[in-house]
Structure formats: C-alpha cells, structure tokens
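A short write-up of the structure that comes next.
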Amino acid sequence: MVNTAGQVIRCKAAVAWEAGKPLVIETVEVAPPQKMEVRLKVLYTSLCRTDVYFWEATGQKPLFPRILGHEASGIVESIGEGVTDVQPGDHVFPVFTGECKECVHCKSKESNMCNLLRINTDRGVMIHDGKSRFSINGKPIFHFVGTSTFSEYTVVHVGCVAKINPLAPLDKVCGVSCGITTGLGAALNVAKPPKGSTVAVFGLGTVGLAAAEGARIAGASRIIGVDLNSSKFELATKFGVTEFVNPKEHNKPVQEVIAEMTDGGVDRSIECTGNVDAMISAFECVHDGWGVAVIVGIPHKDAVFKTHPMKLLQERTLKGTFFGNFKASDLPSLVEKYMNKELELEKFITHEIPFTEINKAFEYMLKGEGLRCIIRMDG
C-alpha cells in the first residue's frame with residue numbers, strides 16, 4: 001500500500017444526493033484520521049436493509065448528501081493520534097456500534113449499547129470535532145452511522161473497528177460486520193431457544209435467515225418461517241426452516257395460525273422485518289407461561305407497538321436486541337468460528353458486483369432477490 005498517511009486521499013465513493021435517487025459515483029476527498037480515528041481502505045462492502053431505510057428516508061430523518069454503507073471489510077491505511085489497538089495493514093471490520101471500553105455499558109457483560117459509540121443515525125459527522133472527513137470541492141458530505149463504507153476509503157472511530165484474522169477471506173466474512181451477526185445473536189444470545197423447541201422467524205432476509213440458522217444451531221426442532229414472499233421458502237430450508245407461513249394466504253391473523261400449528265404458540269419468536277404489525281404478531285404468537293419474543297427489525301419513526309397487557313401477565317416475555325447483543329470485540333471470535341468450519345457464511349452470498357454497479361444491489365434488495373450482494377471496491 002502506498003504511504004498516504006497524513007495526506008488527503010482522493011478516491012471514488014457512491015454518494016446519495018437525494019432520498020430514493022440512484023447513488024452517484026463521485027471523486028471525494030477523504031481527510032486524514034484525527035485523534036482516536038482510523039482511516040480504512042474498504043475492500044468489500046454489501047448493502048443492508050438499514051442502508052435502504054435511510055436512503056429512502058420515508059420513515060426516518062433525511063440527511064443528504066451522504067455516503068451510506070456499514071457492512072464491510074478492509075485494511076487499516078493509517079491511524080490518528082492515540083490509536084494503539086490497530087496498526088496500518090491490519091485486516092478489520094468497521095462496526096456501526098462500537099466500544100469505548102470505559103462506560104457502564106462497555107463494562108457490562110449484558111449490554112453493547114456504548115454511551116459514546118452506540119449507533120446514531122442522525123449524526124453525519126465525526127465525534128472528535130463535529131466535522132465530516134468527506135468532501136467534494138470543499139463541500140462536506142455526511143457520514144452514515146460512523147462507517148460510510150460505500151467509499152474506497154473511510155474514517156471511523158477506533159472503537160468502531162474490529163481487528164480480525166488476516167487469513168480470513170474478506171469477501172466471505174464481510175457480512176459478519178452486520179446482518180449475519182445481528183440475526184445469529186438474536187437467536188443464540190437473546191431468544192436462546194432450548195433444544196427441541198419451536199421457533200418462529202418473521203422475515204426471511206439475511207437477518208431472519210441468520211436467526212433461523214442460530215435457532216438450528218441451538219437445536220430447535222421446528223423453525224417456522226413467516227414471510228409475505230412464498231418464493232423465499234426453498235432457500236430458507238438451507239438455514240434450518242422446516243415450515244413456512246405466508247400471512248397473505250390466511251384469513252385470520254398470523255399469530256392465530258401459528259398458535260393452531262403449535263398447540264398454543266411457539267416457544268420463541270424472532271421478528272426481523274421492522275414492520276410493527278409483524279412485531280405484534282411475533283409477540284402474540286408465543287406460548288403463554290414461557291414464550292419469549294425478540295424484536296430485531298428497525299421500525300418506522302412513528303410506529304407504536306400495541307398489545308393487551310394480559311398477554312404479558314400470562315407470562316410471555318418481550319425482548320429487544322441490537323446487533324444480536326454482540327459487542328464489536330466479539331466479532332473476531334465469529335470469524336474464527338468460520339475459519340474452523342463451525343459457521344457457514346458463503347450460503348448468505350447470492351450476488352457479487354463491482355463497485356461501479358452498486359445501484360444493482362439496491363435493485364436486488366427492493367425486488368427481494370437473493371440475500372447478500374457483495375460489492376467489490378476494486379471494480
């Protein structure tokens with residue numbers, strides 16, 4: 001790698017200028033990292049549903065022009081003052097929810113909601129000085145969730161970097177930095193289905209199928225996939241889904257359908273759509289006495305969750321999770337599981353495109369085609 005430390009780097013980035021409009025490949029200037037910051041050369045990135053939400057900006061606060069992207073893998077190009085955890089040349093993930101390692105959340109084994117570095121979708125600048133590291137002809141371009149990986153180079157806080165095994169193939173492990181980990185953790189760390197249990201998973205995209213995979217690993221005997229697209233069921237069977245329910249094919253609420261299928265309800269449910277009605281269904285379909293529902297999807301900013309309090313009094317539990325309750329420092333161990341063939345990642349990758357064709361990834365996701373689309377930054 002050419003020594004560019006301390007210099008402004010000019011590179012290509014896919015800029016979202018307006019809500020819902022195709023991204024435009026532009027030449028941007030990326031400033032050197034400041035105190036406790038790291039500049040990364042992004043090698044692979046992929047599109048996540050969260051990027052689409054904030055690109056569409058219909059249910060979230062709009063902030064443009066912006067460089068989206070948060071699921072990626074790359075190499076450290078240079079480091080700012082005070083950085084000791086990583087060095088230039090290290091293979092890393094940028095992580096949208098980081099660790100300061102000093103706050104009450106970071107010191108807790110039960111939380112990953114760092115006071116300083118938890119996800120902030122409204123902040124388009126760096127924490128250190130409130131400025132962007134991206135610009136075009138002197139005009140600042142906003143960051144996205146502290147990562148902005150739709151750029152050949154990006155600057156992130158050191159607490160939002162996870163150093164991984166340099167032998168791991170960066171294209172294959174890219175999804176560990178967001179979607180796969182979120183779903184897997186929702187099942188293994190939060191729902192914790194007992195062996196032989198029944199689990200319902202709402203939404204069979206990457207996160208939902210990772211949740212199904214987690215339920216399978218935990219030993220669930222029945223995994224019911226719930227989705228409005230019946231064509232997803234065949235692929236879902238590769239992730240442990242044993243039965244499929246399409247709510248559109250029934251004339252009663254899906255929670256009632258599932259309760260009838262399972263003699264009163266499932267032991268665990270995991271909601272991965274962000275649709276508040278699906279969230280309510282996921283909660284109301286778990287068995288009284290012991291059922292646990294886990295909410296994963298990001299809702300519309302005006303969404304309101306409504307259910308009868310008796311559903312809770314009847315000993316059902318409702319939980320929320322963020323990033324599958326994994327901390328950034330947990331990610332290297334997931335990469336090791338992949339390297340030891342304890343975790344399959346390739347089956348989540350259904351498309352691969354060069355960076356210049358990044359808008360195709362949006363088309364695939366909006367059409368519901370495939371799972372993860374790997375974007376090669378060298379193309």
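Every chain in the structure tokens has a letter given in the order shown (A, B, ...), and although residue numbers restart at 1 in each chain, ligands are simply numbered from 1 in the order shown.
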Just the residues within 8 Å of segment 68-77 of chain A, please, counting only C-alpha atoms, with nothing from its chain fewer than 4 positions along; format it as an NGL selection string. :A and (1 or 4-5 or 14-16 or 38-48 or 51 or 55 or 86-96 or 143-145 or 147-150 or 170-171 or 173-179)
What are the closest atom pairs, with distances in Å to one decimal, for all residues of segment 149-200 of chain A lying within 10 Å of segment 313-329 of chain A? Consider only C-alpha atoms, order rows by chain and residue number, and present the result as CSV.
```
residue,atom,partner,partner_atom,distance
A:Gly159,CA,A:Ala328,CA,8.1
A:Cys160,CA,A:Ala328,CA,7.1
A:Val161,CA,A:Ala328,CA,7.3
A:Ala162,CA,A:Ala328,CA,6.0
A:Lys163,CA,A:Ser329,CA,8.4
A:Ile164,CA,A:Ser329,CA,9.7
A:Ser177,CA,A:Ala328,CA,8.5
A:Cys178,CA,A:Phe323,CA,7.0
A:Gly179,CA,A:Phe323,CA,8.1
A:Ile180,CA,A:Gly324,CA,9.2
A:Thr181,CA,A:Gly324,CA,6.4
A:Thr182,CA,A:Gly324,CA,4.2
A:Gly183,CA,A:Gly324,CA,6.2
A:Leu184,CA,A:Gly324,CA,6.7
A:Gly185,CA,A:Gly324,CA,3.8
A:Ala186,CA,A:Gly324,CA,4.4
A:Ala187,CA,A:Gly324,CA,7.7
A:Leu188,CA,A:Gly324,CA,8.3
A:Asn189,CA,A:Asn325,CA,6.5
A:Val190,CA,A:Thr321,CA,7.2
A:Ala191,CA,A:Lys319,CA,8.3
```
Residues of segment 146-373 of chain A in strand (DSSP E or B) according to DSSP, as a PyMOL selection string? chain A and resi 151+153-157+161-163+198-202+222-226+243-245+266+268-271+286+292-295+317-320+349-354+372-373
Pick out the residues sitting within 6 Å of segment 114-117 of chain A, and hand them over as a ChimeraX atom specification; count only C-alpha atoms, and ignore anything fewer than 3 positions along from it in its own chain. /A:97-99,105-106
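Rounded to one decimal, atom CA of Arg118 of chain A and atom CA of Lys12 of chain A lie 27.5 Å from each other.
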Using the chain letters and numbers from this document, which residues of segment 156-362 of chain A does DSSP assign to alpha helix (DSSP H), as an MDAnalysis selection string? chainID A and resid 170:173 179:185 206:218 233:236 254:261 276:284 309:313 331:339 358:362
Of the candidates A:Ala57, A:Ile136, A:Ala218, A:Val245, which shows the shortest atom-to-atom distance to Glu18 of chain A, using only C-alpha atoms? A:Ala57
